[in-house]
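What's in coords_2.txt: compact mmCIF, C-alpha atoms
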```txt
# COMPACT_ATOMS: atom_id res chain seq x y z
CA HIS C 1 67.33 40.43 37.91
CA GLN C 2 66.40 43.62 39.66
CA VAL C 3 66.38 47.15 38.30
CA ASP C 4 68.05 50.18 39.80
CA SER C 5 66.62 53.67 40.13
CA ALA C 6 67.47 54.38 36.49
CA GLY C 7 65.68 51.26 35.26
CA ARG C 8 68.88 49.38 34.47
CA PRO C 9 69.04 45.64 35.27
CA ILE C 10 71.25 44.73 38.23
CA ASN C 11 71.91 41.56 40.23
CA VAL C 12 71.38 39.45 37.12
CA VAL C 13 71.29 35.67 37.63
CA GLU C 14 71.35 33.34 34.63
CA LYS C 15 71.07 29.56 34.66
CA THR C 16 71.31 27.12 31.77
CA VAL C 17 68.56 24.59 31.10
CA ALA C 18 70.21 21.18 31.12
CA LEU C 19 67.22 18.83 31.36
CA SER C 20 63.45 18.74 31.54
CA ILE C 21 60.99 16.58 33.46
CA GLY C 22 57.39 15.93 32.45
CA SER C 23 55.50 14.26 29.64
CA GLY C 24 53.71 17.45 28.66
CA ASN C 25 50.29 15.99 29.44
CA HIS C 26 50.10 18.42 32.34
CA GLY C 27 53.36 20.29 32.04
CA VAL C 28 57.14 20.36 31.67
CA THR C 29 59.58 21.60 34.32
CA TYR C 30 63.12 22.65 33.50
CA ILE C 31 66.29 21.69 35.37
CA HIS C 32 69.73 23.22 35.87
CA ARG C 33 72.78 21.09 36.63
CA THR C 34 75.38 22.74 38.88
CA PRO C 35 79.13 22.27 38.33
CA GLN C 36 78.99 19.85 41.28
CA GLY C 37 76.35 17.73 39.50
CA ARG C 38 73.39 18.76 41.66
CA LEU C 39 70.03 19.17 39.91
CA LEU C 40 68.04 22.32 40.66
CA GLU C 41 64.47 23.03 39.63
CA LEU C 42 64.24 26.25 37.64
CA PRO C 43 61.48 28.76 38.46
CA LEU C 44 59.66 28.51 35.12
CA SER C 45 57.54 25.61 33.85
CA TYR C 46 55.27 25.09 30.86
CA TYR C 47 51.65 24.21 31.69
CA SER C 48 49.60 22.44 29.02
CA GLN C 49 46.22 23.50 30.39
CA LEU C 50 47.38 27.12 30.44
CA ALA C 51 49.26 26.75 27.13
CA ALA C 52 51.84 29.10 28.57
CA TYR C 53 54.74 29.42 30.98
CA ALA C 54 54.21 30.11 34.69
CA MET C 55 56.02 29.64 37.98
CA SER C 56 57.21 26.11 38.77
CA PRO C 57 55.85 24.14 41.74
CA GLY C 58 57.39 25.52 44.90
CA TYR C 59 58.26 28.87 43.29
CA ASP C 60 54.67 30.10 43.20
CA ARG C 61 54.70 31.46 46.76
CA PRO C 62 56.54 34.22 48.59
CA ASP C 63 58.76 31.87 50.63
CA HIS C 64 60.29 30.05 47.65
CA LEU C 65 63.88 28.82 47.57
CA ASP C 66 65.14 31.24 44.93
CA PHE C 67 67.24 29.18 42.46
CA ARG C 68 68.10 26.59 45.10
CA ARG C 69 65.23 24.07 45.02
CA GLU C 70 67.12 20.80 44.73
CA ILE C 71 65.71 17.79 42.88
CA SER C 72 66.57 14.84 45.10
CA ASP C 73 66.70 11.13 44.37
CA SER C 74 63.30 10.83 46.07
CA CYS C 75 61.86 13.26 43.50
CA LEU C 76 63.55 11.51 40.61
CA PHE C 77 62.31 8.05 41.66
CA CYS C 78 58.77 8.92 40.59
CA HIS C 79 59.57 11.39 37.83
CA SER C 80 62.38 9.52 36.12
CA ALA C 81 63.67 6.03 35.42
CA SER C 82 67.05 6.76 37.01
CA ARG C 83 69.14 9.40 38.75
CA GLU C 84 69.87 10.79 35.29
CA PRO C 85 66.41 12.07 34.27
CA ARG C 86 64.85 10.02 31.49
CA PRO C 87 61.32 8.71 30.87
CA ILE C 88 59.88 5.96 33.05
CA ASP C 89 60.68 2.73 31.24
CA CYS C 90 59.80 -0.98 31.25
CA GLU C 91 62.07 -1.71 34.20
CA ARG C 92 59.79 0.09 36.65
CA CYS C 93 57.14 -2.64 36.35
CA HIS C 94 58.90 -5.56 34.65
CA GLY C 95 62.22 -5.73 36.50
CA ASP C 96 65.85 -5.40 35.52
CA PRO C 97 66.27 -5.98 31.75
CA ARG C 98 69.94 -6.87 32.20
CA ARG C 99 68.96 -10.19 33.76
CA HIS C 100 66.70 -10.92 30.81
CA LEU C 101 69.39 -10.00 28.28
CA ALA C 102 71.88 -12.24 30.08
CA ARG C 103 69.53 -15.21 30.16
CA PRO C 104 66.56 -14.76 27.79
CA GLY C 105 63.63 -17.05 28.34
CA ASP C 106 64.38 -17.99 31.95
CA GLY C 107 61.42 -16.06 33.38
CA SER C 108 63.53 -13.15 34.54
CA ILE C 109 61.03 -10.62 33.15
CA LEU C 110 58.17 -10.00 35.57
CA ASN C 111 54.65 -10.18 34.10
CA PRO C 112 52.52 -8.06 36.48
CA ALA C 113 49.36 -9.75 35.21
CA ARG C 114 50.49 -12.90 37.05
CA LEU C 115 50.86 -11.12 40.38
CA ALA C 116 48.22 -11.18 43.10
CA PRO C 117 45.95 -8.09 42.94
CA LYS C 118 47.60 -6.45 45.98
CA ALA C 119 51.09 -6.80 44.51
CA ARG C 120 49.85 -5.60 41.13
CA LEU C 121 48.29 -2.54 42.75
CA GLU C 122 51.51 -1.75 44.60
CA LEU C 123 53.38 -1.44 41.30
CA CYS C 124 51.33 1.72 40.75
CA LEU C 125 51.27 2.81 44.39
CA GLN C 126 55.07 2.97 44.53
CA CYS C 127 54.62 6.43 42.96
CA HIS C 128 50.90 7.22 43.31
CA LEU C 129 50.30 6.84 47.05
CA GLU C 130 51.34 10.30 48.20
CA THR C 131 49.07 11.07 51.15
CA THR C 132 50.07 14.73 51.27
CA SER C 133 52.68 17.04 49.80
CA ALA C 134 52.67 19.70 52.51
CA ALA C 135 52.98 20.22 56.27
CA PHE C 136 54.68 16.90 57.01
CA ALA C 137 56.34 13.97 55.27
CA ASP C 138 53.87 11.58 53.72
CA SER C 139 56.22 8.59 54.04
CA LEU C 140 59.62 7.33 55.15
CA ARG C 141 61.79 4.80 53.38
CA VAL C 142 62.67 1.79 55.47
CA PRO C 143 66.13 2.33 57.05
CA GLY C 144 68.86 1.10 54.75
CA ARG C 145 66.76 1.36 51.59
CA GLN C 146 67.92 3.72 48.86
CA ALA C 147 65.56 5.70 46.62
CA PHE C 148 65.94 3.42 43.59
CA SER C 149 66.06 0.14 45.55
CA TYR C 150 62.40 -0.86 45.13
CA ARG C 151 61.92 -3.93 42.93
CA PRO C 152 58.59 -4.63 41.20
CA GLY C 153 56.62 -7.41 42.82
CA ALA C 154 58.18 -6.91 46.26
CA PRO C 155 55.89 -5.85 49.14
CA LEU C 156 55.74 -2.07 49.20
CA GLN C 157 55.92 -1.98 53.01
CA GLN C 158 59.42 -3.42 52.85
CA TYR C 159 60.47 -0.31 50.93
CA LYS C 160 58.47 2.55 52.39
CA LEU C 161 56.13 3.30 55.29
CA TYR C 162 53.27 5.72 54.68
CA PHE C 163 51.52 8.11 57.06
CA ASP C 164 47.79 8.63 56.78
CA ARG C 165 46.49 12.13 57.37
CA LEU C 166 43.80 13.21 59.80
CA ASP C 167 42.65 16.63 58.66
CA ALA C 168 41.27 18.34 61.76
CA SER C 169 39.90 21.21 59.69
CA GLY C 170 37.31 18.97 58.11
CA GLN C 171 38.13 20.44 54.71
CA ASP C 172 38.27 18.03 51.81
CA GLN C 173 41.93 18.18 50.78
CA PHE C 174 42.57 17.11 47.20
CA GLU C 175 46.17 17.10 46.02
CA ILE C 176 47.84 16.51 42.68
CA ASN C 177 49.19 13.01 43.40
CA HIS C 178 46.14 11.67 45.22
CA ALA C 179 44.95 9.06 42.70
CA GLY C 180 46.03 5.96 44.62
CA TYR C 181 45.37 7.45 48.05
CA ARG C 182 41.80 8.40 47.14
CA LEU C 183 41.13 5.10 45.35
CA LEU C 184 41.98 3.13 48.49
CA GLN C 185 39.35 5.14 50.37
CA SER C 186 36.57 4.62 47.83
CA ALA C 187 33.68 2.23 48.41
CA CYS C 188 34.34 0.57 45.05
CA PHE C 189 37.80 -0.50 46.19
CA ARG C 190 36.76 -1.54 49.70
CA LYS C 191 33.83 -3.62 48.45
CA SER C 192 36.00 -5.33 45.84
CA ASN C 193 37.97 -7.12 48.58
CA GLY C 194 41.16 -5.81 47.04
CA THR C 195 40.53 -7.07 43.51
CA LEU C 196 40.03 -3.56 42.07
CA THR C 197 43.40 -2.26 40.90
CA CYS C 198 44.57 0.62 38.74
CA THR C 199 44.78 -1.65 35.69
CA THR C 200 41.13 -2.62 36.11
CA CYS C 201 40.36 0.75 34.54
CA HIS C 202 43.66 1.89 32.98
CA ASP C 203 45.82 0.40 30.28
CA PRO C 204 49.19 0.15 32.06
CA HIS C 205 51.26 1.17 29.05
CA SER C 206 49.31 4.23 27.92
CA ALA C 207 47.34 5.07 31.12
CA ARG C 208 44.27 5.45 28.91
CA VAL C 209 40.97 4.48 30.49
CA ARG C 210 39.60 1.19 29.23
CA ALA C 211 36.26 1.31 27.42
CA ASN C 212 33.31 0.47 29.67
CA ALA C 213 35.65 -0.01 32.63
CA CYS C 214 32.97 0.77 35.21
CA GLN C 215 30.43 -1.51 33.55
CA SER C 216 32.69 -4.51 34.07
CA CYS C 217 31.48 -4.36 37.69
CA HIS C 218 28.29 -2.27 37.48
CA GLN C 219 25.61 -3.84 35.30
CA SER C 220 22.64 -1.73 36.37
CA ALA C 221 20.27 -0.18 33.83
CA HIS C 222 21.67 3.23 34.77
CA ALA C 223 25.25 2.14 34.07
CA ARG C 224 24.32 0.94 30.60
CA LYS C 225 23.01 4.37 29.60
CA THR C 226 26.42 5.95 29.32
CA GLU C 227 30.07 5.10 28.92
CA ASP C 228 31.14 8.30 30.65
CA CYS C 229 30.67 7.34 34.28
CA ALA C 230 33.75 9.20 35.51
CA SER C 231 32.53 12.71 34.67
CA CYS C 232 29.82 12.39 37.34
CA HIS C 233 31.34 9.95 39.84
CA MET C 234 35.04 10.90 39.50
CA PRO C 235 34.96 14.61 38.59
CA LYS C 236 38.05 16.59 37.70
CA ARG C 237 39.19 18.96 40.43
CA SER C 238 41.77 21.64 41.04
CA PRO C 239 44.41 20.37 43.49
CA VAL C 240 45.28 22.58 46.44
CA ASP C 241 49.03 22.07 45.98
CA ALA C 242 49.53 22.82 42.28
CA ILE C 243 48.54 25.54 39.87
CA HIS C 244 47.18 25.58 36.33
CA THR C 245 46.05 21.94 36.27
CA THR C 246 43.09 19.72 37.05
CA MET C 247 43.15 16.05 38.02
CA THR C 248 40.58 13.25 38.23
CA ASP C 249 39.41 12.58 41.78
CA HIS C 250 39.71 8.81 42.29
CA LEU C 251 37.51 8.81 45.38
CA ILE C 252 34.64 7.16 43.49
CA GLN C 253 31.34 8.40 44.92
CA THR C 254 27.68 7.93 44.03
CA ARG C 255 26.97 11.64 44.48
CA PRO C 256 30.22 13.56 44.93
CA GLN C 257 29.81 16.41 47.39
CA PHE C 258 32.81 18.54 48.14
CA THR C 259 34.03 22.04 48.38
CA ASN C 260 36.65 22.53 45.70
CA PRO C 261 39.08 25.18 46.94
CA THR C 262 41.58 26.27 44.36
CA TYR C 263 45.31 26.48 44.82
CA GLU C 264 45.00 30.24 45.23
CA ASP C 265 42.79 29.74 48.31
CA HIS C 266 45.70 27.97 50.03
CA ALA C 267 48.69 29.88 48.68
```
Re-express the file's structure as structure tokens.
Amino acid sequence: HQVDSAGRPINVVEKTVALSIGSGNHGVTYIHRTPQGRLLELPLSYYSQLAAYAMSPGYDRPDHLDFRREISDSCLFCHSASREPRPIDCERCHGDPRRHLARPGDGSILNPARLAPKARLELCLQCHLETTSAAFADSLRVPGRQAFSYRPGAPLQQYKLYFDRLDASGQDQFEINHAGYRLLQSACFRKSNGTLTCTTCHDPHSARVRANACQSCHQSAHARKTEDCASCHMPKRSPVDAIHTTMTDHLIQTRPQFTNPTYEDHA
């Protein structure tokens, strides 16, 4: 709303909250459904780190889209299990459960542990390989492929083509969905000959970090002194494209050296 010269509200806009997206680990964003069935992101989100409400992603800048920021199928693919927002489920990594229900025991359920390391890694990268969220598209789906057409175990390059980013400014850009992108650049991954995957360190069902994950590869006397390797070698940082949150930098480094601009420096 706005207020007139007498302080009375005018130009009032009200939208109903139909759905929400987000686990609450970092935040929850609210969604309005139009009479035509389109999903629009509402301007207010809840941020767990802030323990309060603040502007939603995309609304926290002067050139926002008012109440018109549409949530597309491309957005929903990584934030939901289907076009009707609901939590990511077993199907995303194990395949279509309808085949299993039709013919139980015929091997129709995919066990990612039996995949080659590259294919196992790509199960995670289908949503965690965003090279950038601003300035240009980070990827393009292969012509003819729909947003929800990726099938676990299939080569990711048959579904989507990704663009790497050359940052001419020389500034270390760290964004909110950079986990997979940064991991692929780390020396640990490159020296592993592709055997290091996300599930080397994370339990795939809870995303919790496995105990002594780093020590499974690093057996030095220094590594045995602590179980908390990540706090020094994978520090938490403020992403430049999101507010009120910090994320673990998966560019594993011996001695991390970076400037850590905040979102406000870029807004």
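From CA of Cys232 (chain C) back to CA of Thr254 (chain C), the distance works out to 8.3 Å.
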Residues at most 9 Å from Phe174 (chain C), counting only C-alpha atoms, excluding those fewer than 4 positions away in the same chain, as a PDB file with C-alpha atoms, in the frame of the given file?
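Final file, selection-v8.pdb:
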```pdb
ATOM      1  CA  THR C 132      50.070  14.730  51.270  1.00  0.00           C
ATOM      2  CA  HIS C 178      46.140  11.670  45.220  1.00  0.00           C
ATOM      3  CA  ARG C 182      41.800   8.400  47.140  1.00  0.00           C
ATOM      4  CA  ARG C 237      39.190  18.960  40.430  1.00  0.00           C
ATOM      5  CA  SER C 238      41.770  21.640  41.040  1.00  0.00           C
ATOM      6  CA  PRO C 239      44.410  20.370  43.490  1.00  0.00           C
ATOM      7  CA  VAL C 240      45.280  22.580  46.440  1.00  0.00           C
ATOM      8  CA  ASP C 241      49.030  22.070  45.980  1.00  0.00           C
ATOM      9  CA  ASP C 249      39.410  12.580  41.780  1.00  0.00           C
ATOM     10  CA  ASN C 260      36.650  22.530  45.700  1.00  0.00           C
ATOM     11  CA  PRO C 261      39.080  25.180  46.940  1.00  0.00           C
TER      12      PRO C 261
END
```
Could you produce a table of the residues of region 171-217 of chain C lying within 12 Å of region 89-99 of chain C, with the nearest pair of atoms per residue and their separation in Å rounded to one decimal, using all atoms listed in the file, ordered by chain and increasing residue number, as CSV?
```
residue,atom,partner,partner_atom,distance
C:Pro204,CA,C:Cys93,CA,9.5
C:His205,CA,C:Cys90,CA,9.1
C:Ser206,CA,C:Asp89,CA,11.9
```
Q: Select, from C:Ala54, C:Leu115, C:Cys201, C:Ile88, the residue with the minimum atom-to-atom distance to Ala242 (chain C), counting all atoms listed in the file.
A: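 For Ala242 (chain C), the nearest of the candidates is C:Ala54.
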Q | Of the listed residues C:Gln146, C:Asn25, C:Ser231, C:Ser72, that which approaches Leu40 (chain C) most closely, counting all atoms listed in the file | A | C:Ser72
Q. Between CA of Arg69 (chain C) and CA of Gly22 (chain C), what is the spacing in Å?
A. 16.9 Å
Q. So how far away is CA of Ala154 (chain C) from CA of Leu123 (chain C), in Å?
A.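 Going from CA of Leu123 (chain C) over to CA of Ala154 (chain C), I get 8.8 Å.
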Q) Got a sec: who's within 6 Å of Ser20 (chain C), counting only C-alpha atoms, leaving out chain neighbours fewer than 5 positions off, as a list in words? A)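 Here the answer would be Thr29, Tyr30 and Ile31 of chain C.
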(Q) With distances taken over only C-alpha atoms, which residue among C:Leu76, C:Ala187, C:Ala116, C:Val209 lies nearest Ala147 (chain C)? (A)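 Going through C:Leu76, C:Ala187, C:Ala116, C:Val209 one by one, the smallest distance to Ala147 (chain C) is for C:Leu76.
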Q: Have a look at C:Leu65, C:Cys198, C:Leu129, C:Leu140 and name the one nearest to Ile176 (chain C); count all atoms listed in the file.
A: C:Leu129
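The smallest atom-to-atom distance between Arg151 (chain C) and any of C:Glu14, C:Leu110, C:Pro235, C:Cys229, using all atoms listed in the file, is found for C:Leu110.
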**Q.** Option closest in space to Ser80 (chain C), from C:Ser23, C:Tyr46, C:Gln36, C:Ser56 [counting all atoms listed in the file]
**A.**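 Residue with the minimum atom-to-atom distance to Ser80 (chain C): C:Ser23.
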Q: Do a neighbour search on Pro35 (chain C) at 12 Å with only C-alpha atoms, toss out local chain neighbours closer than 5 positions, and write the hits as a PyMOL selection string.
A: chain C and resi 15-16+18+40
